[in-house]
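**Q** Compact mmCIF, C-alpha atoms, saved as query23.txt, coming up:
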```txt
# COMPACT_ATOMS: atom_id res chain seq x y z
CA MET A 1 -28.53 -44.11 -74.14
CA LYS A 2 -27.75 -40.78 -72.50
CA ASN A 3 -28.83 -38.86 -75.63
CA ILE A 4 -32.10 -40.76 -75.85
CA PHE A 5 -32.84 -40.03 -72.21
CA THR A 6 -32.09 -36.33 -72.68
CA ILE A 7 -34.38 -36.03 -75.73
CA ALA A 8 -37.19 -37.83 -73.90
CA PHE A 9 -36.82 -35.62 -70.86
CA VAL A 10 -36.94 -32.45 -72.99
CA THR A 11 -40.01 -33.79 -74.78
CA LEU A 12 -41.68 -34.36 -71.41
CA LEU A 13 -41.00 -30.81 -70.40
CA LEU A 14 -42.38 -29.47 -73.66
CA VAL A 15 -45.51 -31.54 -73.27
CA SER A 16 -45.87 -30.31 -69.73
CA CYS A 17 -45.49 -26.74 -70.85
CA GLY A 18 -48.00 -27.14 -73.69
CA GLY A 19 -50.74 -28.72 -71.56
CA LYS A 20 -53.21 -27.26 -69.23
CA GLU A 21 -50.96 -27.69 -66.30
CA GLU A 22 -49.03 -24.69 -65.10
CA SER A 23 -45.53 -24.37 -66.41
CA VAL A 24 -42.50 -24.62 -64.17
CA ASP A 25 -41.72 -20.95 -64.80
CA ALA A 26 -45.22 -19.95 -63.81
CA ILE A 27 -45.02 -21.93 -60.56
CA ILE A 28 -41.62 -20.46 -59.77
CA GLU A 29 -42.91 -16.96 -60.52
CA LYS A 30 -45.73 -17.41 -58.03
CA GLY A 31 -43.22 -18.30 -55.36
CA ASP A 32 -45.45 -20.98 -53.84
CA LEU A 33 -43.01 -23.44 -52.13
CA SER A 34 -45.59 -26.22 -51.79
CA ALA A 35 -46.49 -25.99 -55.47
CA MET A 36 -42.82 -26.10 -56.50
CA ARG A 37 -42.17 -29.20 -54.41
CA ALA A 38 -45.23 -30.92 -55.81
CA LYS A 39 -44.17 -30.13 -59.38
CA LYS A 40 -40.67 -31.47 -58.72
CA THR A 41 -42.09 -34.74 -57.36
CA GLU A 42 -44.30 -35.11 -60.41
CA LEU A 43 -41.44 -34.53 -62.84
CA LEU A 44 -39.11 -37.02 -61.02
CA ALA A 45 -41.77 -39.72 -61.27
CA GLN A 46 -42.14 -39.10 -64.99
CA GLN A 47 -38.33 -39.16 -65.36
CA ASN A 48 -38.04 -42.58 -63.65
CA GLU A 49 -40.82 -43.98 -65.78
CA LEU A 50 -39.11 -42.85 -68.98
CA LYS A 51 -35.71 -44.22 -67.88
CA ALA A 52 -37.21 -47.68 -67.28
CA GLU A 53 -38.80 -47.66 -70.71
CA ILE A 54 -35.53 -46.57 -72.36
CA ASP A 55 -33.60 -49.35 -70.58
CA SER A 56 -36.09 -51.90 -71.88
CA LEU A 57 -35.65 -50.56 -75.41
CA ASN A 58 -31.84 -50.71 -75.13
CA ALA A 59 -31.94 -54.35 -73.94
CA ALA A 60 -34.20 -55.29 -76.84
CA ILE A 61 -31.94 -53.47 -79.33
CA GLU A 62 -28.81 -55.23 -78.03
CA LYS A 63 -30.53 -58.60 -78.23
CA GLN A 64 -31.63 -58.01 -81.83
CA ASP A 65 -28.27 -56.53 -82.87
CA VAL A 66 -26.00 -59.01 -81.01
CA LYS A 67 -23.95 -60.08 -84.02
CA LYS A 68 -22.90 -56.54 -84.81
CA LYS A 69 -21.59 -56.01 -81.28
CA ALA A 70 -20.15 -59.51 -80.63
CA ALA A 71 -16.39 -59.74 -80.06
CA LEU A 72 -14.55 -61.96 -82.52
CA VAL A 73 -12.63 -64.78 -80.80
CA THR A 74 -10.82 -68.03 -81.52
CA THR A 75 -11.31 -71.11 -79.36
CA THR A 76 -9.80 -74.52 -78.78
CA THR A 77 -11.42 -77.60 -77.29
CA LEU A 78 -9.72 -78.71 -74.08
CA LYS A 79 -8.63 -82.33 -73.87
CA ASP A 80 -6.96 -84.52 -71.28
CA THR A 81 -3.27 -84.62 -72.12
CA LEU A 82 0.03 -85.87 -70.73
CA PHE A 83 1.75 -83.09 -68.78
CA LYS A 84 5.36 -83.14 -67.63
CA HIS A 85 7.18 -80.57 -65.55
CA TYR A 86 10.93 -80.11 -65.59
CA PHE A 87 13.36 -78.17 -63.44
CA GLU A 88 16.70 -76.94 -64.76
CA VAL A 89 20.25 -77.32 -63.48
CA GLN A 90 23.61 -76.76 -65.09
CA GLY A 91 25.87 -79.69 -65.91
CA ASN A 92 29.17 -80.54 -67.52
CA VAL A 93 29.93 -83.12 -70.22
CA ASN A 94 32.52 -85.72 -69.18
CA THR A 95 33.93 -89.09 -70.15
CA ASP A 96 35.86 -91.53 -68.00
CA GLN A 97 37.99 -92.36 -71.05
CA ASN A 98 39.83 -89.07 -71.35
CA ILE A 99 43.31 -89.44 -69.92
CA ILE A 100 46.92 -88.33 -70.26
CA LEU A 101 49.32 -91.24 -70.57
CA TYR A 102 52.48 -90.59 -68.52
CA ALA A 103 55.88 -92.19 -68.89
CA GLU A 104 56.38 -95.07 -66.45
CA TYR A 105 60.09 -95.31 -67.11
CA THR A 106 62.79 -92.63 -67.13
CA GLY A 107 64.68 -92.46 -70.40
CA VAL A 108 64.74 -91.16 -73.95
CA LEU A 109 61.48 -91.31 -75.92
CA THR A 110 62.83 -93.22 -78.90
CA GLN A 111 59.63 -93.79 -80.88
CA LEU A 112 56.11 -92.40 -81.28
CA TYR A 113 54.06 -94.89 -83.28
CA VAL A 114 50.92 -92.75 -83.64
CA LYS A 115 49.89 -89.28 -84.81
CA GLU A 116 47.40 -86.79 -83.44
CA GLY A 117 43.87 -87.66 -84.52
CA GLN A 118 44.70 -91.30 -85.13
CA ARG A 119 42.28 -93.95 -83.94
CA VAL A 120 43.82 -96.74 -81.90
CA SER A 121 42.65 -100.00 -80.40
CA LYS A 122 42.94 -101.20 -76.83
CA GLY A 123 46.40 -102.67 -76.22
CA GLN A 124 47.93 -101.05 -79.30
CA ARG A 125 51.53 -99.88 -78.93
CA LEU A 126 51.72 -96.07 -78.90
CA ALA A 127 55.31 -95.15 -77.91
CA ARG A 128 58.61 -96.64 -76.76
CA ILE A 129 61.23 -95.39 -74.29
CA ASP A 130 64.86 -96.50 -74.46
CA ASP A 131 65.30 -99.22 -71.85
CA GLY A 132 68.95 -98.39 -71.13
CA GLY A 133 70.22 -101.94 -71.70
CA LEU A 134 67.46 -103.77 -69.84
CA SER A 135 66.75 -105.97 -72.87
CA SER A 136 70.33 -107.33 -72.87
CA GLU A 137 70.16 -107.86 -69.16
CA LEU A 138 66.88 -109.71 -69.58
CA ALA A 139 68.41 -112.01 -72.19
CA ARG A 140 71.22 -112.96 -69.80
CA GLN A 141 68.75 -113.39 -66.96
CA GLU A 142 66.52 -115.63 -69.06
CA ALA A 143 69.54 -117.82 -69.91
CA GLN A 144 70.46 -118.14 -66.27
CA THR A 145 66.85 -118.90 -65.39
CA ALA A 146 66.71 -121.63 -68.02
CA LEU A 147 69.87 -123.21 -66.55
CA ALA A 148 68.45 -122.99 -63.02
CA LYS A 149 65.25 -124.61 -64.24
CA THR A 150 67.13 -127.50 -65.81
CA THR A 151 69.16 -128.04 -62.65
CA TYR A 152 66.01 -127.95 -60.54
CA GLU A 153 64.18 -130.43 -62.73
CA ARG A 154 67.12 -132.90 -62.59
CA GLN A 155 67.42 -132.62 -58.83
CA LYS A 156 63.66 -133.13 -58.54
CA ARG A 157 63.76 -136.35 -60.59
CA LEU A 158 66.63 -137.67 -58.47
CA TRP A 159 64.89 -136.74 -55.25
CA ASP A 160 61.69 -138.40 -56.44
CA GLN A 161 63.77 -141.61 -56.86
CA GLN A 162 65.27 -141.14 -53.40
CA ILE A 163 68.66 -140.41 -54.93
CA GLY A 164 70.78 -137.54 -53.68
CA SER A 165 70.27 -135.28 -50.74
CA GLU A 166 67.22 -133.22 -49.88
CA ILE A 167 69.37 -130.12 -49.40
CA SER A 168 70.58 -130.27 -52.99
CA TYR A 169 67.00 -130.48 -54.23
CA LEU A 170 65.89 -127.57 -52.05
CA GLU A 171 68.88 -125.44 -53.11
CA ALA A 172 68.09 -126.06 -56.78
CA LYS A 173 64.43 -125.19 -56.26
CA SER A 174 65.26 -122.02 -54.34
CA ASN A 175 67.79 -120.92 -56.98
CA TYR A 176 65.28 -121.49 -59.78
CA ASP A 177 62.53 -119.59 -57.95
CA ALA A 178 64.90 -116.66 -57.35
CA MET A 179 66.00 -116.61 -61.00
CA GLN A 180 62.37 -116.73 -62.18
CA ALA A 181 61.42 -113.83 -59.89
CA ALA A 182 64.35 -111.77 -61.14
CA THR A 183 63.37 -112.50 -64.72
CA ASP A 184 59.76 -111.49 -64.10
CA GLN A 185 60.91 -108.28 -62.46
CA LEU A 186 63.06 -107.37 -65.48
CA ARG A 187 60.20 -108.13 -67.83
CA SER A 188 57.94 -105.86 -65.77
CA ARG A 189 60.48 -103.04 -65.93
CA ILE A 190 60.90 -103.44 -69.66
CA SER A 191 57.13 -103.46 -70.18
CA LYS A 192 57.05 -99.95 -68.72
CA THR A 193 59.22 -98.72 -71.57
CA VAL A 194 56.35 -99.38 -73.99
CA ILE A 195 53.23 -97.21 -73.73
CA THR A 196 50.08 -99.01 -74.87
CA ALA A 197 46.45 -97.87 -75.22
CA PRO A 198 44.40 -98.78 -72.12
CA PHE A 199 41.21 -98.45 -74.21
CA SER A 200 40.17 -97.82 -77.80
CA GLY A 201 39.96 -94.18 -78.76
CA VAL A 202 41.59 -91.26 -80.56
CA VAL A 203 45.00 -89.73 -79.90
CA ASP A 204 43.88 -86.19 -79.12
CA ASN A 205 47.36 -84.69 -78.96
CA THR A 206 50.98 -85.62 -78.33
CA LEU A 207 52.65 -83.94 -75.37
CA ALA A 208 56.26 -85.13 -75.77
CA ASP A 209 58.60 -85.18 -78.75
CA GLN A 210 60.59 -88.07 -80.07
CA GLY A 211 64.13 -87.92 -78.65
CA GLN A 212 63.01 -86.10 -75.50
CA VAL A 213 64.03 -87.38 -72.09
CA VAL A 214 60.93 -88.32 -70.14
CA ASN A 215 60.62 -88.92 -66.39
CA ALA A 216 58.55 -91.64 -64.82
CA GLY A 217 55.26 -90.35 -63.43
CA GLN A 218 56.03 -86.73 -64.41
CA THR A 219 56.17 -86.39 -68.19
CA GLY A 220 52.91 -86.66 -70.11
CA VAL A 221 53.45 -88.35 -73.46
CA LEU A 222 50.00 -88.13 -75.12
CA ARG A 223 46.29 -87.68 -74.45
CA LEU A 224 43.88 -90.47 -75.39
CA VAL A 225 40.14 -89.82 -75.65
CA ASN A 226 37.15 -92.05 -76.35
CA LEU A 227 33.97 -90.10 -77.21
CA SER A 228 31.68 -93.13 -77.44
CA ASP A 229 30.86 -93.27 -73.72
CA MET A 230 29.92 -89.71 -72.83
CA TYR A 231 27.85 -88.55 -69.89
CA VAL A 232 26.67 -85.34 -68.27
CA GLU A 233 27.38 -84.74 -64.61
CA ALA A 234 25.16 -82.29 -62.74
CA SER A 235 24.58 -81.19 -59.15
CA ILE A 236 20.95 -81.19 -57.95
CA PRO A 237 19.61 -79.42 -54.83
CA GLU A 238 18.88 -81.80 -51.97
CA SER A 239 15.21 -80.73 -51.97
CA PHE A 240 14.74 -82.95 -55.05
CA LEU A 241 16.13 -86.10 -53.42
CA GLY A 242 12.71 -87.76 -53.29
CA LYS A 243 11.94 -86.95 -56.94
CA VAL A 244 15.17 -88.00 -58.64
CA GLU A 245 16.30 -91.60 -59.05
CA GLU A 246 17.97 -93.90 -61.53
CA GLY A 247 15.87 -93.94 -64.70
CA THR A 248 14.37 -90.46 -64.18
CA GLU A 249 13.70 -88.82 -67.55
CA VAL A 250 15.82 -85.81 -68.50
CA LYS A 251 16.43 -83.51 -71.45
CA ILE A 252 19.92 -82.22 -72.15
CA ARG A 253 20.49 -79.02 -74.12
CA LEU A 254 23.97 -78.23 -75.45
CA ALA A 255 23.69 -74.62 -76.56
CA SER A 256 27.22 -74.46 -77.97
CA ILE A 257 26.44 -77.05 -80.65
CA GLY A 258 22.70 -76.36 -80.86
CA LYS A 259 21.53 -79.86 -79.96
CA THR A 260 19.06 -81.35 -77.47
CA TYR A 261 19.08 -84.95 -76.31
CA ASP A 262 16.62 -87.11 -74.38
CA GLY A 263 18.09 -89.34 -71.73
CA LYS A 264 17.73 -90.97 -68.34
CA ILE A 265 19.70 -90.67 -65.14
CA ARG A 266 22.07 -93.63 -64.89
CA GLN A 267 23.59 -92.91 -61.48
CA VAL A 268 22.53 -90.93 -58.40
CA GLY A 269 25.17 -89.92 -55.88
CA ASN A 270 24.83 -90.99 -52.26
CA PHE A 271 26.62 -87.97 -50.84
CA VAL A 272 25.13 -84.51 -50.20
CA SER A 273 27.75 -81.79 -50.30
CA PRO A 274 27.79 -79.78 -47.06
CA ASP A 275 29.03 -76.73 -48.99
CA ASN A 276 26.15 -76.23 -51.45
CA ARG A 277 23.62 -78.88 -50.28
CA THR A 278 23.57 -80.72 -53.60
CA PHE A 279 24.07 -84.29 -54.79
CA ASP A 280 25.54 -85.42 -58.12
CA VAL A 281 23.88 -87.35 -60.92
CA LYS A 282 25.21 -88.79 -64.17
CA ILE A 283 23.24 -89.00 -67.41
CA SER A 284 24.41 -90.98 -70.42
CA ILE A 285 24.40 -89.01 -73.66
CA PRO A 286 24.55 -90.46 -77.19
CA ASN A 287 27.37 -89.31 -79.45
CA PRO A 288 27.17 -91.12 -82.79
CA ASP A 289 28.78 -88.29 -84.76
CA ASN A 290 31.34 -87.33 -82.06
CA ALA A 291 29.89 -83.81 -81.91
CA VAL A 292 29.74 -83.91 -78.10
CA LYS A 293 33.06 -83.05 -76.51
CA PRO A 294 34.30 -83.28 -72.90
CA ASN A 295 33.77 -80.17 -70.73
CA LEU A 296 30.87 -78.75 -72.79
CA ILE A 297 28.36 -76.82 -70.65
CA ALA A 298 24.97 -78.54 -70.56
CA THR A 299 21.53 -77.41 -69.42
CA VAL A 300 19.87 -80.39 -67.77
CA MET A 301 16.06 -80.43 -67.51
CA VAL A 302 14.96 -83.07 -65.01
CA ASN A 303 11.40 -84.41 -64.98
CA ASP A 304 10.08 -84.11 -61.41
CA TYR A 305 6.29 -84.25 -62.05
CA ALA A 306 4.03 -85.99 -64.57
CA VAL A 307 0.25 -86.43 -64.97
CA GLU A 308 -1.31 -88.75 -67.53
CA SER A 309 -4.60 -86.82 -67.89
CA ALA A 310 -4.20 -83.10 -67.26
CA ILE A 311 -5.88 -79.94 -68.49
CA VAL A 312 -3.17 -77.69 -69.93
CA ILE A 313 -3.75 -74.19 -71.33
CA PRO A 314 -1.50 -71.43 -72.72
CA GLU A 315 -0.10 -69.13 -70.09
CA ASN A 316 -1.07 -65.99 -72.03
CA VAL A 317 -4.85 -66.59 -71.66
CA ILE A 318 -4.70 -66.39 -67.86
CA GLN A 319 -5.59 -63.06 -66.22
CA GLN A 320 -5.97 -61.77 -62.67
CA ASN A 321 -9.21 -60.26 -61.35
CA ALA A 322 -9.52 -57.50 -58.77
CA MET A 323 -9.34 -60.06 -55.97
CA GLY A 324 -6.06 -61.46 -57.28
CA ASN A 325 -7.64 -64.72 -58.46
CA SER A 326 -6.64 -66.36 -61.74
CA ILE A 327 -9.38 -66.28 -64.38
CA THR A 328 -9.89 -67.10 -68.03
CA TYR A 329 -12.82 -67.21 -70.45
CA VAL A 330 -14.70 -70.01 -72.18
CA PHE A 331 -17.05 -69.89 -75.17
CA ASP A 332 -20.56 -70.44 -73.76
CA GLU A 333 -23.30 -71.13 -76.31
CA GLN A 334 -26.80 -69.91 -75.42
CA THR A 335 -30.12 -71.60 -76.17
CA ASP A 336 -31.00 -68.96 -78.80
CA GLY A 337 -27.91 -69.77 -80.87
CA THR A 338 -25.81 -66.86 -79.66
CA ALA A 339 -22.72 -67.15 -77.46
CA VAL A 340 -21.11 -65.21 -74.64
CA ALA A 341 -17.74 -65.17 -72.96
CA LYS A 342 -18.05 -66.89 -69.60
CA GLN A 343 -15.50 -65.94 -66.97
CA VAL A 344 -14.07 -68.93 -65.11
CA GLN A 345 -11.99 -68.84 -61.95
CA ILE A 346 -9.18 -71.36 -62.13
CA GLU A 347 -6.46 -72.84 -59.94
CA GLU A 348 -3.01 -73.31 -61.44
CA GLY A 349 -0.65 -76.21 -60.94
CA TYR A 350 2.82 -76.58 -62.44
CA SER A 351 3.88 -74.57 -65.47
CA ASP A 352 6.25 -75.71 -68.18
CA ASP A 353 7.57 -73.54 -71.02
CA GLN A 354 4.47 -71.46 -71.92
CA SER A 355 1.82 -73.91 -70.73
CA VAL A 356 0.12 -74.17 -67.35
CA GLU A 357 -1.56 -77.15 -65.71
CA ILE A 358 -5.08 -76.30 -64.48
CA THR A 359 -6.13 -78.23 -61.40
CA SER A 360 -9.60 -76.67 -60.98
CA GLY A 361 -12.10 -74.61 -62.97
CA LEU A 362 -11.79 -76.22 -66.42
CA GLN A 363 -12.50 -79.67 -67.78
CA ALA A 364 -12.16 -81.65 -70.98
CA GLY A 365 -14.63 -80.47 -73.63
CA ASP A 366 -14.67 -76.79 -72.58
CA GLN A 367 -14.24 -74.29 -75.42
CA LEU A 368 -11.34 -72.14 -74.22
CA ILE A 369 -11.04 -68.70 -75.81
CA ILE A 370 -7.40 -68.29 -76.86
CA GLU A 371 -7.52 -65.19 -79.09
CA GLY A 372 -9.27 -61.94 -78.27
CA VAL A 373 -9.43 -62.90 -74.59
CA ARG A 374 -7.66 -59.82 -73.20
CA SER A 375 -10.50 -57.39 -73.98
CA LEU A 376 -13.41 -59.59 -72.85
CA ARG A 377 -15.77 -59.15 -69.92
CA ASP A 378 -18.01 -61.72 -68.29
CA GLY A 379 -21.20 -62.27 -70.32
CA GLN A 380 -19.98 -60.31 -73.33
CA PRO A 381 -21.41 -61.56 -76.65
CA VAL A 382 -18.80 -63.33 -78.74
CA GLU A 383 -18.57 -64.86 -82.18
CA LEU A 384 -15.97 -67.17 -83.72
CA LYS A 385 -13.62 -65.54 -86.19
CA ASP A 386 -13.59 -68.68 -88.27
CA LYS A 387 -16.16 -71.27 -87.31
CA SER A 388 -14.18 -73.95 -89.09
CA SER A 389 -11.30 -73.37 -86.62
CA ASN A 390 -13.39 -74.46 -83.65
CA ASN A 391 -12.52 -77.84 -82.16
CA GLN A 392 -9.08 -77.71 -83.75
```
Would you put the structure from the file into structure tokens?
**A**
Amino acid sequence: MKNIFTIAFVTLLLVSCGGKEESVDAIIEKGDLSAMRAKKTELLAQQNELKAEIDSLNAAIEKQDVKKKAALVTTTTLKDTLFKHYFEVQGNVNTDQNIILYAEYTGVLTQLYVKEGQRVSKGQRLARIDDGGLSSELARQEAQTALAKTTYERQKRLWDQQIGSEISYLEAKSNYDAMQAATDQLRSRISKTVITAPFSGVVDNTLADQGQVVNAGQTGVLRLVNLSDMYVEASIPESFLGKVEEGTEVKIRLASIGKTYDGKIRQVGNFVSPDNRTFDVKISIPNPDNAVKPNLIATVMVNDYAVESAIVIPENVIQQNAMGNSITYVFDEQTDGTAVAKQVQIEEGYSDDQSVEITSGLQAGDQLIIEGVRSLRDGQPVELKDKSSNNQ
């Protein structure tokens, strides 16, 4: 445009010089100030007239040549979609069925019935500790108890027939009760010499060797683990108390084994820690292949916001204008069949991954420009790279 204007201006000067009017040089040579000012005014008027004509020509050229200058873009049709926002916290994988079984009786570990890695059932015998003669003592005690029972039953029959004295009956009953209590106590002590499985699971490792002396409540004999009832425990800031409840949807990512699970919160703690202002939650996690182990680090993504019908766009198509407002561009078809990029000011809501919820400025059906958007300006002619890709 600048070159055209320059050529036209030179042409005007040449015409002026070739006409009957006095040339600029001639007027300057005369030194007449009024004549020079008049000539300048005349030339400026001619310059403005030519510039207006050139602008009209440029507009007409751009309109006729729009396809050659149109920016190539790709669009997508916006639709109402389900949008969910998640916040992240760190958690730890646990199971309530992961315990060390300790000796309950002091003595020599005489037998280990299981091996590491072996599956066991609830109530199954796992190990035995030498009872130090308690079994023999129990046998004698049971014999004495049986005799006391017989004596009591005979005295009771006589007393029921009003034969004998009441004191004899009461002494027999008291002796039998005492013998029975002593027998039960011995049986209880002997039962502590046998370690049984409190739940079904796997013997993770043995902690004591056969023949070793073990002490009640101090010596761990083996670790038993059940991986079928796993859960993730996480601490959540108290600011989310109103958004987290039993049944809240979560996603659990276990980076160490490269797996992600969907789940729901099964328990929400009722205590806020005064130290870090958090409350605990538990989330059940499936473990059909036993790949999830206790104490794995978990990334817990908790759903705190959801909208059934939301406008969601890629984050990379959002720009900032000079005023600091968020803007993007839509494909705006004109009545003459051409199209331009229309700048739209938008308001952002929540963002998730690389998508952003748009609360104002866009609506379902708009043709959002998603490729080539960074170099656009408002009203710039645009053309689809591949027309068949529109509305995809």
**Q** So how far away is atom CA of A:Pro237 from atom CA of A:Arg277, in Å?
**A** 6.1 Å
**Q** Do a neighbour search on A:Met230 at 12 Å with only C-alpha atoms, toss out local chain neighbours closer than 2 positions, and write the hits as a CSV table (one decimal) with C-alpha atoms, keeping the file's coordinate frame.
**A**
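Generated file (part38.csv):
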```
chain,number,residue,atom,x,y,z
A,92,ASN,CA,29.2,-80.5,-67.5
A,93,VAL,CA,29.9,-83.1,-70.2
A,94,ASN,CA,32.5,-85.7,-69.2
A,95,THR,CA,33.9,-89.1,-70.2
A,96,ASP,CA,35.9,-91.5,-68.0
A,97,GLN,CA,38.0,-92.4,-71.0
A,98,ASN,CA,39.8,-89.1,-71.4
A,225,VAL,CA,40.1,-89.8,-75.6
A,226,ASN,CA,37.2,-92.0,-76.4
A,227,LEU,CA,34.0,-90.1,-77.2
A,228,SER,CA,31.7,-93.1,-77.4
A,232,VAL,CA,26.7,-85.3,-68.3
A,233,GLU,CA,27.4,-84.7,-64.6
A,263,GLY,CA,18.1,-89.3,-71.7
A,266,ARG,CA,22.1,-93.6,-64.9
A,282,LYS,CA,25.2,-88.8,-64.2
A,283,ILE,CA,23.2,-89.0,-67.4
A,284,SER,CA,24.4,-91.0,-70.4
A,285,ILE,CA,24.4,-89.0,-73.7
A,286,PRO,CA,24.6,-90.5,-77.2
A,287,ASN,CA,27.4,-89.3,-79.4
A,288,PRO,CA,27.2,-91.1,-82.8
A,290,ASN,CA,31.3,-87.3,-82.1
A,291,ALA,CA,29.9,-83.8,-81.9
A,292,VAL,CA,29.7,-83.9,-78.1
A,293,LYS,CA,33.1,-83.0,-76.5
A,294,PRO,CA,34.3,-83.3,-72.9
A,295,ASN,CA,33.8,-80.2,-70.7
A,296,LEU,CA,30.9,-78.8,-72.8
```
**Q** May I have the protein, DNA and RNA residues with an atom at most 12 Å from (-45.8, -23.6, -61.8), counting all atoms listed in the file in the file's coordinates, returned as a VMD selection string?
**A** chain A and resid 16 to 17 20 to 40 42 to 43
**Q** One decimal, in Å: what's the spacing between atom CA of A:Leu147 and atom CA of A:Tyr176?
**A**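 Atom-to-atom, atom CA of A:Leu147 to atom CA of A:Tyr176, that is 8.4 Å.
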**Q** Could you tell me which of A:Gln267, A:Thr219, A:Asn303, A:Ser191 comes closest to A:Lys243 if we count all atoms listed in the file?
**A**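 Checking each of A:Gln267, A:Thr219, A:Asn303, A:Ser191 against A:Lys243, counting all atoms listed in the file, the winner is A:Asn303.
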**Q** Using all atoms listed in the file, which residue out of A:Asp332, A:Glu116, A:Asp289, A:Glu171 lies closest to A:Asn205?
**A**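 With all atoms listed in the file as the atom set, the closest residue is A:Glu116.
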**Q** So how far away is atom CA of A:Val108 from atom CA of A:Gly211, in Å?
**A**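 The value is 5.7 Å.
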**Q** May I have the protein, DNA and RNA residues with any atom at most 8 Å from the point (-10.4, -69.7, -63.0), counting only C-alpha atoms, written as a PyMOL selection string?
**A** chain A and resi 325-328+343-347+360-362
**Q** Using all atoms listed in the file, which of the listed residues (A:Val203, A:Leu109, A:Ile54, A:Ile358) sits closest to A:Ala216?
**A** A:Leu109
**Q** Compare A:Glu88, A:Glu357, A:Asn48, A:Leu138 by their minimum atom-to-atom distance to A:Phe240, counting all atoms listed in the file, and give me the closest one.
**A**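 Among A:Glu88, A:Glu357, A:Asn48, A:Leu138, it is A:Glu88 that comes nearest to A:Phe240.
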**Q** Have a look at A:Gln354, A:Gln334, A:Asn321, A:Gln212 and name the one nearest to A:Arg374; count all atoms listed in the file.
**A** A:Asn321
**Q** I'd like the neighbourhood of A:Gly107 as a PyMOL selection string, where a residue qualifies if any of its atoms comes within 8 Å (using all atoms listed in the file), though same-chain residues fewer than 6 positions away should be ignored.
**A** chain A and resi 129-132+213-215
**Q** Just the selected residues (C-alpha atoms), exported as an mmCIF file, in the coordinates of the input, please.
**A**
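Okay, this is what ended up in selection-v3.cif:
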```
data_model
loop_
_atom_site.group_PDB
_atom_site.id
_atom_site.type_symbol
_atom_site.label_atom_id
_atom_site.label_comp_id
_atom_site.auth_asym_id
_atom_site.auth_seq_id
_atom_site.Cartn_x
_atom_site.Cartn_y
_atom_site.Cartn_z
ATOM 1 C CA ILE A 129 61.230 -95.390 -74.290
ATOM 2 C CA ASP A 130 64.860 -96.500 -74.460
ATOM 3 C CA ASP A 131 65.300 -99.220 -71.850
ATOM 4 C CA GLY A 132 68.950 -98.390 -71.130
ATOM 5 C CA VAL A 213 64.030 -87.380 -72.090
ATOM 6 C CA VAL A 214 60.930 -88.320 -70.140
ATOM 7 C CA ASN A 215 60.620 -88.920 -66.390
#
```
**Q** Need to verify the contact set: A:Gln180, 12 Å, only C-alpha atoms, exclusion of same-chain residues closer than 4 positions in sequence. Can you return it as a ChimeraX atom specification?
**A** /A:138,141-149,152,173-176,184-187
**Q** Just checking: using only C-alpha atoms, which residue out of A:Thr110, A:Gln46, A:Thr335, A:Ser375 ends up closest to A:Val194?
**A**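 The closest residue to A:Val194 is A:Thr110.
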